[in-house]
Structure formats: structure tokens, C-alpha cells
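K.L.:
Could you have a look at this structure, given as C-alpha cells, before my questions?
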Amino acid sequence: MAIETRPLHPHVGAEMTGIDVRKPLTPAEVAAVDAGMDKHAVLVLPRQDITDEQQIEFTRNFGPLQNGANATLRRPELRLDPAFADVSNLGKNGEKLARDDRRRMASLGNRLWHSDASFRVIPARYSILSGRIVVTEGGNTEFADMRAAYDALDARTKAEIEDLICEHSQIFSREQLGFTNYLPDERAMMKPVRHPLVRTHPGSGRKSIFLSAHIGGILGWPRPEAMAFIRDLMEHATQQQFVYSHCWTRHDLVIWDNRTTMHRVRRYDDLNAVRDLRRTTTKCDGPTVAQEAA
């Protein structure tokens, strides 16, 4: 079957058909996915009824896996292999999480605009999310194109942000929602890391704004001023013309490039309906900037 790509939005997102994720990919298929990602930043591969093992093998085509996404859970508490981020409302034994469950509280941060793993020294490249059980109301995933958002900035703002360095931590994003229930070792793991506010994509050569709810400061700026400025950029970058909203169908496989997009999940009735999405993630080539000495 020939590989075909159909744009879903003027700036970001396309549907790709002609690839069967259950089978090993050929070099040409890997190249087609990478080319589609360079152009569209988000790809939707429909009708991919896959196992966890097949998802992991597919993901390995695009770089080393980024394990340990569920930083607030100890391994005995995990429902899935550590290669996965468990984007569900289910506990280890398949029960729906209680309203005050610690993991549910932390996962509410996924409703904020963010880039996956921007709180790591080596941030994420691709995220690959498999819709195993989806809901019929709410639960859309929205993607904002940080390339188009950068292009739409005025020249003065582009010059101002060109060399700025931001600090990212998962603590910064969760504290916006009032979640502060971190153990001492978790806080030690979540020490802020540094990333440039402007990045150039190696595949397309386009510049983008590297924004995320995980940002908690700009080096050399007073924190209140930094956060007000980041808030302004967030409002600019998530205007409707830059956003594609994906309404999930069971067995959709959605891939996005964290270097050029932000995303968030929309609210759904997670206390009554079951939603089971499973994410694998690949790493970028290395740190984006020099980090503070330990």
C-alpha cells in the first residue's frame, strides 16, 4: 500500500496512511515518517491495533527511548512497562483512580500546555501515543504549532527572545495547579534544567518557540517579570489559528515532535469513563544548552 499524507490543519497535523505499525518498518517507511514530521509536526496513523511490544519496537525507529516518564510513581506502582507514560485514569489493577489519588492529581498537569520532558536535560524528540480505550465526550488532545507562532512574532520580540535561556521543572507546572505533594527524592530529581527559548529544527531548519508549562523562570530576569513574559508568549502561541485539536478514535496512533509543538489534553469525565492511552517517547540528540554545574 502506498504511503499517503493528508493535511488536517493549515499549519500543523496530517493523517498518514499506508504504514502498518504491527510490522517492522522499512528504511523508506522510517524516512517517510520523519519527512512527514518535519513538514507537519503531528502525524495521525489511524487503525493501528497494536500491542505494547509493537509500540516499543516502532518507537525505536526514531531514537533511543526515554524511560521513567511517570516520575511521581515508584516501580511497584506502575501499571505499564517503564518505557511507557501511562496516560490513563487507571490504577495498577485496572480500577479507575479516585478523585484524590496522588497520580491523578499529578496527571492533571497534562491539561496545561506543555512539551513532553522539557524538564529533562535531554528533552523529548517524538512522542507516540496509542489510543487503546478512548472516550466519546471530551479528552481531545490539542497541538499548538510553535513554528507558526514564532513566524507570527514581530521583529522586536524575535530579537528579544533569540538568546534567552529558560529553566524547566515538573515542579513548576504542577505547582500551578496546587500540587506540591512531592517526596524529598522526587524534588531532588526535579531540579530545574535549562533550555533556550528559541530552537532551530534540524530537519526543517525552521525556528520555533520552546515553550512549556514546565518553565519557571528566565535566566537573568526577576521571576515575576519572566513569568508574565512567558504567559504573554503562551497566549500568543496557543491562538486558535495555530492549534489542531485531535478527536480520538480507538486505535489511533498519534506522533508529535516536542521540538516544534506544545500539546494538552482537554477535560473529560475521568471519574466515570475509562480512557487508556499509552505513550512512548524518544530522546533528542543531547542537551540543548550547557547546564548548571551539579
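Following the order of the C-alpha cells, first chain is A, next is B, and so on, with residues numbered from 1 inside each chain and ligands from 1 in the order they appear.
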Please return as a list in words: the residues of range 26-138 of chain A that backbone DSSP assigns to strand (DSSP E).
P.N.:
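DSSP on the backbone gives strand (DSSP E) at Val42, Leu43, Val44, Leu45, Ala85, Asp86, Val87, Ser88, Ala124, Arg125, Tyr126, Ser127, Ile128, Leu129, Ser130, Gly131, Arg132 and Ile133 of chain A.
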K.L.:
Kindly export the residues of the current selection with N, CA and C atoms, as a compact mmCIF listing (two decimals), in the first residue's frame.
P.N.:
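Contents of selection27.txt, freshly written:
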```txt
# COMPACT_ATOMS: atom_id res chain seq x y z
N VAL A 42 2.89 16.89 13.52
CA VAL A 42 1.98 15.92 14.14
C VAL A 42 1.46 15.01 13.04
N LEU A 43 1.55 13.69 13.26
CA LEU A 43 1.00 12.71 12.32
C LEU A 43 0.01 11.82 13.04
N VAL A 44 -1.12 11.58 12.40
CA VAL A 44 -2.14 10.66 12.90
C VAL A 44 -2.15 9.43 12.00
N LEU A 45 -1.84 8.28 12.59
CA LEU A 45 -1.89 7.00 11.87
C LEU A 45 -3.11 6.24 12.39
N ALA A 85 4.71 6.13 29.30
CA ALA A 85 3.99 7.07 30.15
C ALA A 85 2.53 6.61 30.14
N ASP A 86 2.00 6.37 31.31
CA ASP A 86 0.64 5.85 31.44
C ASP A 86 -0.34 7.02 31.40
N VAL A 87 -0.86 7.30 30.21
CA VAL A 87 -1.78 8.43 30.04
C VAL A 87 -3.20 7.90 30.14
N SER A 88 -3.53 7.40 31.33
CA SER A 88 -4.84 6.82 31.56
C SER A 88 -5.37 7.31 32.90
N ALA A 124 12.59 15.62 25.03
CA ALA A 124 11.99 14.65 24.12
C ALA A 124 12.08 15.11 22.67
N ARG A 125 12.21 14.12 21.80
CA ARG A 125 12.08 14.34 20.36
C ARG A 125 10.62 14.03 19.97
N TYR A 126 10.32 12.76 19.68
CA TYR A 126 8.97 12.37 19.31
C TYR A 126 8.24 11.77 20.52
N SER A 127 6.96 12.06 20.63
CA SER A 127 6.05 11.33 21.50
C SER A 127 5.11 10.55 20.61
N ILE A 128 4.81 9.30 21.01
CA ILE A 128 3.98 8.39 20.22
C ILE A 128 2.90 7.85 21.14
N LEU A 129 1.66 8.23 20.87
CA LEU A 129 0.55 7.95 21.78
C LEU A 129 -0.47 7.05 21.10
N SER A 130 -0.74 5.92 21.76
CA SER A 130 -1.66 4.91 21.22
C SER A 130 -2.97 4.95 21.97
N GLY A 131 -4.07 5.10 21.24
CA GLY A 131 -5.40 5.17 21.85
C GLY A 131 -6.00 3.78 22.00
N ARG A 132 -5.80 3.15 23.16
CA ARG A 132 -6.31 1.80 23.38
C ARG A 132 -7.80 1.83 23.76
N ILE A 133 -8.18 2.72 24.67
CA ILE A 133 -9.58 2.95 25.01
C ILE A 133 -9.78 4.46 25.02
```
K.L.:
Could you name the residues that touch Ser173 in chain A at 10 Å or less, counting only C-alpha atoms, but leaving out those on the same chain fewer than 3 positions away, as a list in words?
P.N.:
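In the requested form, the answer reads Ala106, Leu108, Gly109, Asn110, Leu112, Trp113, His114, Phe119, His168, Ser169, Gln170, Gln176, Leu177, Gly178, Phe179, Ser212, Ala213, His214, Ile215 and Gly216 of chain A.
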K.L.:
Restricting it to N, CA and C atoms, dump the selection as a JSON list (two decimals), in the first residue's frame.
P.N.:
```json
[["chain", "number", "residue", "atom", "x", "y", "z"],
["A", 106, "ALA", "N", -1.30, 14.56, 40.06],
["A", 106, "ALA", "CA", -0.13, 14.94, 39.28],
["A", 106, "ALA", "C", -0.44, 14.98, 37.79],
["A", 108, "LEU", "N", -3.06, 15.79, 36.28],
["A", 108, "LEU", "CA", -3.85, 16.95, 35.83],
["A", 108, "LEU", "C", -2.97, 17.99, 35.15],
["A", 109, "GLY", "N", -1.66, 17.93, 35.40],
["A", 109, "GLY", "CA", -0.75, 18.83, 34.69],
["A", 109, "GLY", "C", -0.75, 18.62, 33.20],
["A", 110, "ASN", "N", -1.23, 17.46, 32.72],
["A", 110, "ASN", "CA", -1.32, 17.22, 31.29],
["A", 110, "ASN", "C", -2.38, 18.10, 30.62],
["A", 112, "LEU", "N", -2.39, 21.27, 31.05],
["A", 112, "LEU", "CA", -1.69, 22.53, 30.76],
["A", 112, "LEU", "C", -0.90, 22.38, 29.46],
["A", 113, "TRP", "N", -0.73, 23.47, 28.73],
["A", 113, "TRP", "CA", 0.09, 23.44, 27.53],
["A", 113, "TRP", "C", 1.53, 23.11, 27.92],
["A", 114, "HIS", "N", 2.11, 22.09, 27.29],
["A", 114, "HIS", "CA", 3.47, 21.70, 27.65],
["A", 114, "HIS", "C", 4.16, 20.98, 26.50],
["A", 119, "PHE", "N", 11.48, 19.09, 31.11],
["A", 119, "PHE", "CA", 12.10, 19.19, 32.44],
["A", 119, "PHE", "C", 13.32, 18.27, 32.57],
["A", 168, "HIS", "N", 13.32, 24.88, 33.37],
["A", 168, "HIS", "CA", 12.17, 23.99, 33.31],
["A", 168, "HIS", "C", 12.22, 22.99, 34.46],
["A", 169, "SER", "N", 11.07, 22.72, 35.07],
["A", 169, "SER", "CA", 10.94, 21.65, 36.06],
["A", 169, "SER", "C", 9.50, 21.22, 36.11],
["A", 170, "GLN", "N", 9.28, 19.93, 36.35],
["A", 170, "GLN", "CA", 7.92, 19.44, 36.52],
["A", 170, "GLN", "C", 7.26, 20.06, 37.75],
["A", 176, "GLN", "N", 1.43, 25.12, 39.58],
["A", 176, "GLN", "CA", 0.38, 26.00, 39.04],
["A", 176, "GLN", "C", -1.01, 25.49, 39.40],
["A", 177, "LEU", "N", -1.13, 24.18, 39.60],
["A", 177, "LEU", "CA", -2.42, 23.57, 39.93],
["A", 177, "LEU", "C", -2.56, 23.29, 41.42],
["A", 178, "GLY", "N", -1.56, 23.71, 42.20],
["A", 178, "GLY", "CA", -1.62, 23.48, 43.64],
["A", 178, "GLY", "C", -1.11, 22.14, 44.08],
["A", 179, "PHE", "N", -0.49, 21.36, 43.17],
["A", 179, "PHE", "CA", 0.05, 20.06, 43.55],
["A", 179, "PHE", "C", 1.47, 20.26, 44.06],
["A", 212, "SER", "N", 6.64, 25.77, 27.39],
["A", 212, "SER", "CA", 6.07, 24.66, 28.15],
["A", 212, "SER", "C", 5.59, 25.18, 29.50],
["A", 213, "ALA", "N", 4.55, 24.54, 30.04],
["A", 213, "ALA", "CA", 4.11, 24.86, 31.40],
["A", 213, "ALA", "C", 5.20, 24.56, 32.42],
["A", 214, "HIS", "N", 6.19, 23.78, 32.03],
["A", 214, "HIS", "CA", 7.29, 23.44, 32.95],
["A", 214, "HIS", "C", 8.26, 24.60, 33.15],
["A", 215, "ILE", "N", 8.11, 25.68, 32.42],
["A", 215, "ILE", "CA", 9.01, 26.84, 32.58],
["A", 215, "ILE", "C", 8.69, 27.57, 33.88],
["A", 216, "GLY", "N", 9.74, 27.86, 34.65],
["A", 216, "GLY", "CA", 9.56, 28.58, 35.91],
["A", 216, "GLY", "C", 10.45, 29.79, 36.06]]
```
K.L.:
Name all residues at most 8 Å from His201 in chain A (count only C-alpha atoms; drop same-chain ones fewer than 5 positions away) and give them as a PyMOL selection string.
P.N.:
chain A and resi 206-208+259-260
K.L.:
Write a file of the just-selected residues containing C-alpha atoms, as a PDB file, in the first residue's frame.
P.N.:
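New file result_13.pdb:
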```pdb
ATOM      1  CA  ARG A 206      12.633  26.418  10.909  1.00  0.00           C
ATOM      2  CA  LYS A 207      12.808  28.303  14.193  1.00  0.00           C
ATOM      3  CA  SER A 208      10.258  27.717  16.938  1.00  0.00           C
ATOM      4  CA  ARG A 259      10.752  20.372  19.490  1.00  0.00           C
ATOM      5  CA  THR A 260       8.137  22.225  17.445  1.00  0.00           C
TER       6      THR A 260
END
```
K.L.:
Write out as a ChimeraX atom specification the residues lying within 10 Å of range 269-278 of chain A, counting only C-alpha atoms and excluding same-chain residues fewer than 3 positions away.
P.N.:
/A:52,55,80,83-90,94-99,104,128-139,250-253
K.L.:
Given only C-alpha atoms as the basis, pick out the residue of A:Val193, A:Leu233, A:Val33, A:Leu65 nearest to Thr280 in chain A.
P.N.:
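The shortest atom-to-atom distance to Thr280 in chain A comes from A:Leu65.
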K.L.:
Point out the residue among A:Tyr268, A:Phe172, A:Phe58, A:Phe242 with the least atom-to-atom distance to Arg223 in chain A, counting only C-alpha atoms.
P.N.:
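Under the stated criterion, the closest residue is A:Phe172.
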K.L.:
Considering only helix (DSSP H, G or I) as DSSP defines it on the backbone, what residues of range 17-198 of chain A qualify? List them as a ChimeraX atom specification.
P.N.:
/A:27-40,52-62,75-77,102-111,146-151,155-161,170-176,184-189
K.L.:
Could you tell me how far CA of Arg22 in chain A lies from CA of Ile50 in chain A, in Å and to one decimal?
P.N.:
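Calculated distance between CA of Arg22 in chain A and CA of Ile50 in chain A is 6.0 Å.
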K.L.:
Within 12 Å of range 156-163 of chain A, which residues of range 220-268 of chain A show up? Give each one with its shortest atom-to-atom distance in Å (one decimal) and the two atoms involved, counting only C-alpha atoms, rows by chain then rising residue number, as a tab-separated table.
P.N.:
```
residue	atom	partner	partner_atom	distance
A:Gly220	CA	A:Asp163	CA	11.5
A:Ala226	CA	A:Ile161	CA	11.5
A:Phe229	CA	A:Ile161	CA	10.2
A:Ile230	CA	A:Ile161	CA	10.4
A:Asp232	CA	A:Thr157	CA	11.2
A:Leu233	CA	A:Thr157	CA	9.7
A:His236	CA	A:Thr157	CA	11.6
```
K.L.:
Calculate how many Å separate CA of Asp257 in chain A from CA of Phe62 in chain A, rounding to one decimal.
P.N.:
11.0 Å
K.L.:
Taking into account only C-alpha atoms, which residue in the set A:Lys39, A:Arg279, A:Lys92, A:Arg231 is nearest to Pro202 in chain A?
P.N.:
A:Lys39
K.L.:
With only C-alpha atoms as the counted atoms, please give the residues lying no more than 8 Å from His246 in chain A, apart from itself and same-chain residues fewer than 2 positions off, as a compact mmCIF listing (two decimals) with N, CA and C atoms, in the first residue's frame.
P.N.:
```
# COMPACT_ATOMS: atom_id res chain seq x y z
N ASN A 140 -10.10 15.40 23.99
CA ASN A 140 -9.32 15.73 22.81
C ASN A 140 -7.90 16.12 23.21
N THR A 141 -6.95 15.89 22.33
CA THR A 141 -5.60 16.39 22.51
C THR A 141 -5.37 17.52 21.53
N GLU A 142 -4.96 18.67 22.05
CA GLU A 142 -4.72 19.84 21.21
C GLU A 142 -3.22 20.04 21.02
N PHE A 143 -2.85 20.43 19.80
CA PHE A 143 -1.45 20.65 19.45
C PHE A 143 -1.29 22.07 18.91
N TYR A 244 -4.28 22.55 16.27
CA TYR A 244 -5.06 21.43 15.76
C TYR A 244 -5.58 20.63 16.94
N TRP A 248 -10.13 11.72 19.37
CA TRP A 248 -9.60 10.37 19.31
C TRP A 248 -10.62 9.35 18.82
```
K.L.:
I'd like the neighbourhood of Ala290 in chain A as a VMD selection string, where a residue qualifies if any of its atoms comes within 9 Å (using only C-alpha atoms), though same-chain residues fewer than 2 positions away should be ignored.
P.N.:
chain A and resid 194 to 195 287 to 288 292 to 293
K.L.:
Print the selection's residues with N, CA and C atoms to a file, as a PDB file, in the first residue's frame.
P.N.:
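Output file selection.pdb follows:
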```
ATOM      1  N   ARG A 194      17.958  23.675  32.003  1.00  0.00           N
ATOM      2  CA  ARG A 194      17.959  24.864  31.156  1.00  0.00           C
ATOM      3  C   ARG A 194      17.770  24.517  29.681  1.00  0.00           C
ATOM      4  N   HIS A 195      16.974  25.340  29.010  1.00  0.00           N
ATOM      5  CA  HIS A 195      16.779  25.196  27.567  1.00  0.00           C
ATOM      6  C   HIS A 195      16.616  26.585  26.934  1.00  0.00           C
ATOM      7  N   PRO A 287      21.828  17.548  25.241  1.00  0.00           N
ATOM      8  CA  PRO A 287      21.371  18.776  25.893  1.00  0.00           C
ATOM      9  C   PRO A 287      21.255  19.924  24.883  1.00  0.00           C
ATOM     10  N   THR A 288      20.312  20.801  25.124  1.00  0.00           N
ATOM     11  CA  THR A 288      20.125  21.949  24.225  1.00  0.00           C
ATOM     12  C   THR A 288      21.090  23.078  24.537  1.00  0.00           C
ATOM     13  N   GLU A 292      23.759  23.987  34.454  1.00  0.00           N
ATOM     14  CA  GLU A 292      24.407  24.438  35.666  1.00  0.00           C
ATOM     15  C   GLU A 292      25.179  23.283  36.291  1.00  0.00           C
ATOM     16  N   ALA A 293      26.371  23.565  36.790  1.00  0.00           N
ATOM     17  CA  ALA A 293      27.181  22.503  37.402  1.00  0.00           C
ATOM     18  C   ALA A 293      26.464  21.934  38.615  1.00  0.00           C
TER      19      ALA A 293
END
```
